[in-house]
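A.B. asks: Below is one structure. I have some questions about it.
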Amino acid sequence: MKEFFPFSDKIKNASALALEKTKEQFAEIEKIKEYNQQKILAAFMHNNVCEADFSETTGYGYGDRGREKLDAIYAEAFGAEDAIVRHSFTCGTHTLAIALYGILRPNDTMLCVTGTPYDTIHGVIGLTGEGMGSLKDFGVNYAQVDLDKNGRPDLAAIEKALEIKPKMVYIQRSRGYSLRPSLSVDEIGEIASLVKSKCDAVVMVDNCYGEFVETREPTEVGADIIAGSLIKNAGGALARTGGYIAGRKDLVELCSYRATTPGLGKEVGCTLGENRNMFMGIFNAPIVVSEALKTAVFSAALFEDLGFKVTPASNESRHDIIQALCLETPERLIKFCQGIQSGAPVDSFVVPEPWDMPGYDSKVIMAAGAFIMGSSIELSADAPLREPYAVWMQGGINFPSAKVAVMLAAENLGIK
């Protein structure tokens with residue numbers, strides 16, 4: 001067979017060892033994929049999806065049956081009472097902001113119990129910037145409970161913080177630009193149970209990067225509302241844009257008023273022909289997520305063999321699709337991202353460089369040769385140029401292609 005990519009013996013041997021090392025993890029990923037795919041298929045069947053549901057609506061979008069069925073499928077898939085899924089949600093941060101502004105009111109307190117949240121949400125909360133219309137500008141208070149020394153939720157500190165009677169307890173499932181572990185659904189359930197035993201706060205979860213990684217979602221273990229992006233896991237690499245919010249019916253309704261306008265909520269919003277992509281996306285999401293997980297596990301095993309610290313380790317259980325690799329120097333970080341870009345199906349000839357990306361406090365380098373711009377379920381790698389000089393890699397819509405890109409990135413480091 002023709003060798004399309006002339007890898008060095010070192011990288012080929014390390015790849016072979018990584019594949020052997022990850023057999024058990026791959027088998028577990030396949031089991032989860034099978035369960036989640038059946039769950040999604042059942043949701044499609046229960047909601048009588050038909051070709052007419054893919055029809056385009058314009059203007060107000062009144063009576064869009066496809067839009068209504070898509071909401072119902074998401075609600076069923078996430079074990080929630082209701083959901084709102086819209087292509088007009090521009091990104092994960094926008095979707096989270098809609099939920100936060102929809103639920104919180106002046107003088108309410110938002111208590112984040114997983115340390116400082118992801119960089120791009122800082123401006124929404126009011127941790128950065130003034131006068132931009134943040135929650136802080138509208139009189140919403142913010143409090144925070146840091147993670148413990150192991151990067152895990154500090155339940156004792158959370159219990160103490162609940163004495164302030166927050167309106168919302170906010171949980172970030174994924175690690176963001178940190179090396180702390182992502183949260184399992186069980187851990188989220190433990191936090192939700194503690195909150196419910198002490199107060200009536202709304203438990204909200206930033207579910208980005210976590211959908212269909214496990215067999216359950218946070219709304220099945222006590223979370224009241226979750227939100228995420230369609231150009232990450234839930235869109236299955238087919239949704240061209242958008243986001244979703246799912247959870248308690250009364251809370252989803254409040255979010256819908258923020259998404260459109262009070263009194264109209266979910267009843268308006270034309271779909272402009274995007275329904276087909278969003279239906280296909282959620283249907284294919286369990287398979288696409290499993291490919292991304294295999295890519296993450298393989299990457300961990302490969303870079304462990306090459307002598308780098310990785311998190312999670314190749315044999316750890318997975319709770320999101322993100323793999324962090326500690327490359328130790330800015331030069332290696334840049335070379336890794338450039339290697340990933342060189343293995344992309346789109347823009348492989350582009351050489352990424354660090355730049356001042358909006359929403360971040362330091363230069364960021366991002367490799368993303370994707371069919372959908374910014375799609376994090378397609379293979380991408382990004383990092384701020386700051387210590388510990390780790391890169392955060394995610395996605396991979398098919399493992400054979402993603403494996404090549406990861407090997408090219410390893411080769412580009414020039415390790416002897």
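Each chain of the structure tokens is named A, B, ... in the order shown, its residues numbered from 1; ligands are numbered from 1 in display order.
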Within 6 Å of segment 245-252 of chain A, counting only C-alpha atoms, which residues qualify if same-chain residues fewer than 2 places away don't, as a list in words?
C.D. replies: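 Skipping anything fewer than 2 positions along the chain leaves Ala80, Glu81, Asp82, Ala83, Ile84, Asp224, Ile225, Ile226, Ala227, Leu254 and Cys255 of chain A.
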A.B. asks: Can you spit out the residues from that selection as a short mmCIF file (atom, residue, chain, number, x, y, z; two decimals), in the first residue's frame, using C-alpha atoms?
C.D. replies:
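What landed in selection-v3.cif:
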data_model
loop_
_atom_site.label_atom_id
_atom_site.label_comp_id
_atom_site.auth_asym_id
_atom_site.auth_seq_id
_atom_site.Cartn_x
_atom_site.Cartn_y
_atom_site.Cartn_z
CA ALA A 80 -35.13 17.26 30.21
CA GLU A 81 -38.64 18.71 30.31
CA ASP A 82 -38.03 21.12 27.44
CA ALA A 83 -35.36 22.53 25.16
CA ILE A 84 -34.74 25.38 22.75
CA ASP A 224 -32.05 22.34 36.25
CA ILE A 225 -30.65 23.82 33.03
CA ILE A 226 -27.79 23.00 30.64
CA ALA A 227 -26.48 24.78 27.58
CA LEU A 254 -37.49 32.28 30.53
CA CYS A 255 -34.47 31.66 28.31
#
A.B. asks: Applying 9 Å and only C-alpha atoms, which residues near segment 375-381 of chain A remain after dropping the ones on its own chain fewer than 6 positions away? List them as JSON, numbers by chain.
C.D. replies: {"A": [209, 230, 231, 232, 233, 234, 235, 236, 237, 240, 241, 288, 289, 292, 295, 321, 336, 337, 340, 341, 344, 365, 366, 367, 368, 369, 391, 392, 393, 394, 395, 396, 397, 398, 402, 405]}
A.B. asks: Based on the backbone DSSP call, show me all residues of segment 107-312 of chain A assigned strand (DSSP E or B), as a short mmCIF file (atom, residue, chain, number, x, y, z; two decimals) with N, CA and C atoms, in the first residue's frame.
C.D. replies:
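For reference, out.cif as written:
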data_model
loop_
_atom_site.label_atom_id
_atom_site.label_comp_id
_atom_site.auth_asym_id
_atom_site.auth_seq_id
_atom_site.Cartn_x
_atom_site.Cartn_y
_atom_site.Cartn_z
N THR A 109 -27.70 36.43 43.02
CA THR A 109 -26.30 36.03 43.09
C THR A 109 -26.08 34.76 42.29
N MET A 110 -25.09 34.81 41.43
CA MET A 110 -24.62 33.65 40.68
C MET A 110 -23.40 33.10 41.39
N LEU A 111 -23.46 31.86 41.83
CA LEU A 111 -22.35 31.23 42.55
C LEU A 111 -21.73 30.17 41.66
N CYS A 112 -20.51 30.42 41.19
CA CYS A 112 -19.79 29.44 40.39
C CYS A 112 -18.99 28.54 41.33
N ASN A 141 -25.00 39.81 41.22
CA ASN A 141 -23.78 39.58 42.00
C ASN A 141 -23.12 38.26 41.59
N TYR A 142 -21.82 38.20 41.79
CA TYR A 142 -21.07 37.00 41.46
C TYR A 142 -20.24 36.55 42.66
N ALA A 143 -20.26 35.25 42.93
CA ALA A 143 -19.43 34.65 43.97
C ALA A 143 -18.84 33.37 43.41
N GLN A 144 -17.77 32.90 44.04
CA GLN A 144 -17.04 31.78 43.47
C GLN A 144 -16.49 30.88 44.55
N MET A 168 -28.51 31.15 41.61
CA MET A 168 -28.01 30.13 40.69
C MET A 168 -26.69 29.57 41.16
N VAL A 169 -26.53 28.26 41.04
CA VAL A 169 -25.24 27.60 41.22
C VAL A 169 -24.79 27.16 39.83
N TYR A 170 -23.63 27.66 39.43
CA TYR A 170 -23.13 27.48 38.06
C TYR A 170 -21.97 26.48 38.08
N ILE A 171 -22.05 25.49 37.18
CA ILE A 171 -21.03 24.44 37.10
C ILE A 171 -20.48 24.39 35.69
N GLN A 172 -19.18 24.45 35.55
CA GLN A 172 -18.54 24.26 34.25
C GLN A 172 -18.04 22.83 34.18
N VAL A 202 -31.17 27.53 41.37
CA VAL A 202 -31.15 26.89 40.06
C VAL A 202 -29.74 26.35 39.80
N VAL A 203 -29.63 25.09 39.46
CA VAL A 203 -28.34 24.49 39.13
C VAL A 203 -28.18 24.52 37.61
N MET A 204 -27.21 25.30 37.13
CA MET A 204 -26.96 25.43 35.70
C MET A 204 -25.60 24.83 35.36
N VAL A 205 -25.54 24.09 34.26
CA VAL A 205 -24.29 23.46 33.83
C VAL A 205 -23.92 23.94 32.42
N ASP A 206 -22.69 24.44 32.30
CA ASP A 206 -22.08 24.66 30.99
C ASP A 206 -21.68 23.28 30.50
N ILE A 225 -30.79 23.25 34.37
CA ILE A 225 -30.65 23.82 33.03
C ILE A 225 -29.24 23.56 32.53
N ILE A 226 -29.10 23.19 31.26
CA ILE A 226 -27.79 23.00 30.64
C ILE A 226 -27.78 23.75 29.32
N ALA A 227 -26.60 24.07 28.84
CA ALA A 227 -26.48 24.78 27.58
C ALA A 227 -25.20 24.37 26.88
N GLY A 228 -25.23 24.43 25.55
CA GLY A 228 -24.05 24.07 24.79
C GLY A 228 -24.14 24.56 23.35
N SER A 229 -23.08 24.30 22.62
CA SER A 229 -22.93 24.77 21.24
C SER A 229 -23.18 23.65 20.25
N GLY A 243 -26.88 26.72 18.93
CA GLY A 243 -26.71 26.25 20.29
C GLY A 243 -28.02 25.70 20.82
N TYR A 244 -27.96 25.12 22.01
CA TYR A 244 -29.16 24.57 22.64
C TYR A 244 -29.17 24.90 24.13
N ILE A 245 -30.37 24.98 24.67
CA ILE A 245 -30.59 25.09 26.12
C ILE A 245 -31.65 24.05 26.46
N ALA A 246 -31.43 23.26 27.49
CA ALA A 246 -32.38 22.22 27.87
C ALA A 246 -32.51 22.17 29.39
N GLY A 247 -33.69 21.79 29.86
CA GLY A 247 -33.88 21.67 31.30
C GLY A 247 -35.33 21.80 31.71
N LYS A 309 3.77 15.02 29.88
CA LYS A 309 2.65 14.93 30.80
C LYS A 309 1.37 15.22 30.03
N VAL A 310 0.35 14.39 30.25
CA VAL A 310 -0.93 14.60 29.58
C VAL A 310 -2.04 14.51 30.61
N THR A 311 -3.15 15.16 30.31
CA THR A 311 -4.33 15.06 31.16
C THR A 311 -5.59 15.20 30.33
#
A.B. asks: Between A:Glu217, A:Ala156, A:Ser55, A:Gly129, single out the one closest to Phe78 of chain A, counting only C-alpha atoms.
C.D. replies: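 Nearest to Phe78 of chain A: A:Glu217.
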A.B. asks: So which residues touch Gln25 of chain A within 12 Å, counting only C-alpha atoms, skipping near sequence neighbours fewer than 5 positions away, as a list in words?
C.D. replies: Ala18, Leu19, Glu20, Glu30, Lys31, Ile32, Ser290, Leu293, Lys294, Thr295, Ala296, Val297, Phe298, Ala300, Ala301, Ala313, Ser314, Asn315, Glu316, Ser317 and Arg318 of chain A
A.B. asks: Which residue out of A:Val350, A:Leu333, A:Ala370, A:Ala72 has the minimum interatomic distance to Leu385 of chain A when only C-alpha atoms are used?
C.D. replies: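 Of all the options, A:Leu333 lies closest to Leu385 of chain A.
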A.B. asks: Mind giving me the straight-line distance from atom CA of Arg152 of chain A to atom CA of Pro312 of chain A in Å, one decimal?
C.D. replies: 13.6 Å
A.B. asks: Expressed in Å to a single decimal, how great is the separation between atom CA of Val85 of chain A and atom CA of Arg216 of chain A?
C.D. replies: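 Pair atom CA of Val85 of chain A / atom CA of Arg216 of chain A returns 19.3 Å.
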A.B. asks: Please report the interatomic distance between atom CA of Ala99 of chain A and atom CA of Glu211 of chain A in Å with one decimal.
C.D. replies: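 Atom CA of Glu211 of chain A lies at a distance of 17.6 Å from atom CA of Ala99 of chain A.
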A.B. asks: What's the 12 Å shell around Ala52 of chain A, counting only C-alpha atoms, without same-chain residues fewer than 2 positions away, as a ChimeraX atom specification?
C.D. replies: /A:48-50,54-57,64-67,69,273,275-276
A.B. asks: Of the candidates A:Ala27, A:Ile73, A:Ala223, A:Cys326, which shows the shortest atom-to-atom distance to Met45 of chain A, using only C-alpha atoms?
C.D. replies: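 Once distances to Met45 of chain A are computed over only C-alpha atoms, the minimum belongs to A:Ile73.
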A.B. asks: For a quick check of understanding, using only C-alpha atoms, which of A:Lys12, A:Arg258, A:Lys2, A:Lys39 has the smallest distance to Val404 of chain A?
C.D. replies: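 Of the candidates, the smallest distance to Val404 of chain A is held by A:Lys12.
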A.B. asks: Name the residues of segment 184-295 of chain A that fall into alpha helix (DSSP H) according to DSSP on the backbone, using the chain letters and numbers of this document, as number ranges by chain.
C.D. replies: A: 185-198, 249-259, 275-295
A.B. asks: Write the residues of the selection above to a file with C-alpha atoms, as a CSV table (one decimal), in the first residue's frame.
C.D. replies:
chain,number,residue,atom,x,y,z
A,185,VAL,CA,-22.0,13.4,35.4
A,186,ASP,CA,-21.9,11.7,38.8
A,187,GLU,CA,-19.9,14.5,40.3
A,188,ILE,CA,-22.3,17.0,38.9
A,189,GLY,CA,-25.1,15.0,40.4
A,190,GLU,CA,-23.4,15.1,43.8
A,191,ILE,CA,-23.1,18.9,43.6
A,192,ALA,CA,-26.8,19.2,42.5
A,193,SER,CA,-27.9,17.0,45.4
A,194,LEU,CA,-26.0,19.1,47.9
A,195,VAL,CA,-27.5,22.3,46.5
A,196,LYS,CA,-31.0,21.0,46.6
A,197,SER,CA,-30.6,19.9,50.2
A,198,LYS,CA,-29.6,23.4,51.3
A,249,LYS,CA,-39.8,23.8,31.3
A,250,ASP,CA,-40.2,27.1,33.2
A,251,LEU,CA,-36.5,27.9,32.9
A,252,VAL,CA,-36.4,27.1,29.2
A,253,GLU,CA,-39.3,29.5,28.7
A,254,LEU,CA,-37.5,32.3,30.5
A,255,CYS,CA,-34.5,31.7,28.3
A,256,SER,CA,-36.7,31.8,25.2
A,257,TYR,CA,-37.9,35.2,26.2
A,258,ARG,CA,-34.3,36.4,26.2
A,259,ALA,CA,-33.6,34.6,22.9
A,275,ASN,CA,-33.4,22.3,10.2
A,276,ARG,CA,-32.0,19.4,8.0
A,277,ASN,CA,-28.4,20.0,9.1
A,278,MET,CA,-29.4,20.3,12.8
A,279,PHE,CA,-31.5,17.1,12.6
A,280,MET,CA,-28.7,15.2,10.9
A,281,GLY,CA,-26.2,16.7,13.3
A,282,ILE,CA,-27.9,15.5,16.5
A,283,PHE,CA,-28.6,12.1,14.9
A,284,ASN,CA,-24.9,11.6,14.1
A,285,ALA,CA,-23.5,13.2,17.2
A,286,PRO,CA,-22.9,9.9,19.2
A,287,ILE,CA,-20.8,8.5,16.4
A,288,VAL,CA,-18.9,11.8,15.8
A,289,VAL,CA,-18.2,12.2,19.6
A,290,SER,CA,-16.9,8.6,19.8
A,291,GLU,CA,-14.4,9.4,17.0
A,292,ALA,CA,-13.3,12.5,18.9
A,293,LEU,CA,-12.9,10.5,22.0
A,294,LYS,CA,-10.7,7.9,20.3
A,295,THR,CA,-8.6,10.7,18.9
A.B. asks: With only C-alpha atoms as the basis for distance, which of A:Ala97, A:Tyr60, A:Thr329, A:Leu104 is at the shortest distance from Leu272 of chain A?
C.D. replies: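 That would be A:Tyr60, the residue with the smallest distance to Leu272 of chain A.
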A.B. asks: With only C-alpha atoms as the counted atoms, please give the residues lying no more than 12 Å from Leu306 of chain A, apart from itself and same-chain residues fewer than 5 positions off, as number ranges by chain.
C.D. replies: A: 10-15, 17-18, 299-301, 325-327, 407, 410-411, 413-416
A.B. asks: Mind dumping the selected residues with C-alpha atoms as a compact mmCIF listing (two decimals), in the first residue's frame?
C.D. replies:
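Saved the output as selection13.txt:
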# COMPACT_ATOMS: atom_id res chain seq x y z
CA LYS A 10 10.03 6.83 16.08
CA ILE A 11 6.57 8.24 15.44
CA LYS A 12 5.33 5.10 13.65
CA ASN A 13 6.49 2.88 16.51
CA ALA A 14 5.01 5.21 19.13
CA SER A 15 1.72 5.22 17.22
CA LEU A 17 2.24 1.23 20.84
CA ALA A 18 -0.45 3.82 21.49
CA SER A 299 -3.16 11.40 21.55
CA ALA A 300 -2.75 10.87 25.28
CA ALA A 301 -1.14 7.46 24.76
CA LEU A 325 -0.87 18.00 26.43
CA CYS A 326 1.82 19.76 28.46
CA LEU A 327 4.43 20.78 25.91
CA MET A 407 1.16 12.09 14.28
CA ALA A 410 4.26 14.91 17.01
CA GLU A 411 6.64 14.73 14.05
CA LEU A 413 8.15 18.74 17.36
CA GLY A 414 11.35 17.20 16.03
CA ILE A 415 11.79 14.77 18.92
CA LYS A 416 14.78 12.46 18.44
A.B. asks: What's around Thr128 of chain A at 12 Å? Count only C-alpha atoms, leave out sequence neighbours fewer than 5 positions away in its own chain, and write the answer as a ChimeraX atom specification.
C.D. replies: /A:119-123,133-137,359-361
A.B. asks: Now that the selection is made, can you save its residues with N, CA and C atoms as a short mmCIF file (atom, residue, chain, number, x, y, z; two decimals), in the first residue's frame?
C.D. replies:
data_model
loop_
_atom_site.label_atom_id
_atom_site.label_comp_id
_atom_site.auth_asym_id
_atom_site.auth_seq_id
_atom_site.Cartn_x
_atom_site.Cartn_y
_atom_site.Cartn_z
N ASP A 119 -12.60 31.68 29.88
CA ASP A 119 -12.24 33.07 29.59
C ASP A 119 -13.35 33.89 28.94
N THR A 120 -14.02 33.32 27.93
CA THR A 120 -14.96 34.12 27.14
C THR A 120 -16.23 34.48 27.89
N ILE A 121 -16.49 33.84 29.03
CA ILE A 121 -17.70 34.16 29.80
C ILE A 121 -17.41 35.27 30.81
N HIS A 122 -16.14 35.66 30.98
CA HIS A 122 -15.78 36.68 31.96
C HIS A 122 -16.51 38.00 31.69
N GLY A 123 -16.56 38.40 30.41
CA GLY A 123 -17.23 39.65 30.07
C GLY A 123 -18.73 39.60 30.30
N GLY A 133 -22.65 46.06 29.46
CA GLY A 133 -23.93 45.38 29.61
C GLY A 133 -23.81 44.01 30.24
N SER A 134 -22.79 43.80 31.06
CA SER A 134 -22.59 42.52 31.73
C SER A 134 -23.66 42.30 32.80
N LEU A 135 -23.71 41.10 33.34
CA LEU A 135 -24.61 40.81 34.45
C LEU A 135 -24.34 41.74 35.63
N LYS A 136 -23.05 42.01 35.86
CA LYS A 136 -22.68 42.92 36.95
C LYS A 136 -23.27 44.31 36.72
N ASP A 137 -23.25 44.79 35.46
CA ASP A 137 -23.81 46.10 35.14
C ASP A 137 -25.30 46.15 35.46
N GLY A 359 -11.68 38.23 23.71
CA GLY A 359 -12.19 37.46 24.84
C GLY A 359 -11.12 36.79 25.68
N TYR A 360 -9.85 36.90 25.28
CA TYR A 360 -8.77 36.25 26.01
C TYR A 360 -7.76 37.29 26.51
N ASP A 361 -7.07 36.96 27.61
CA ASP A 361 -6.16 37.93 28.22
C ASP A 361 -4.71 37.74 27.79
#
A.B. asks: May I ask which of the residues A:Asn107, A:Arg86, A:Glu34, A:Gly339 is the closest one to Thr260 of chain A, counting only C-alpha atoms?
C.D. replies: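 Once distances to Thr260 of chain A are computed over only C-alpha atoms, the minimum belongs to A:Arg86.
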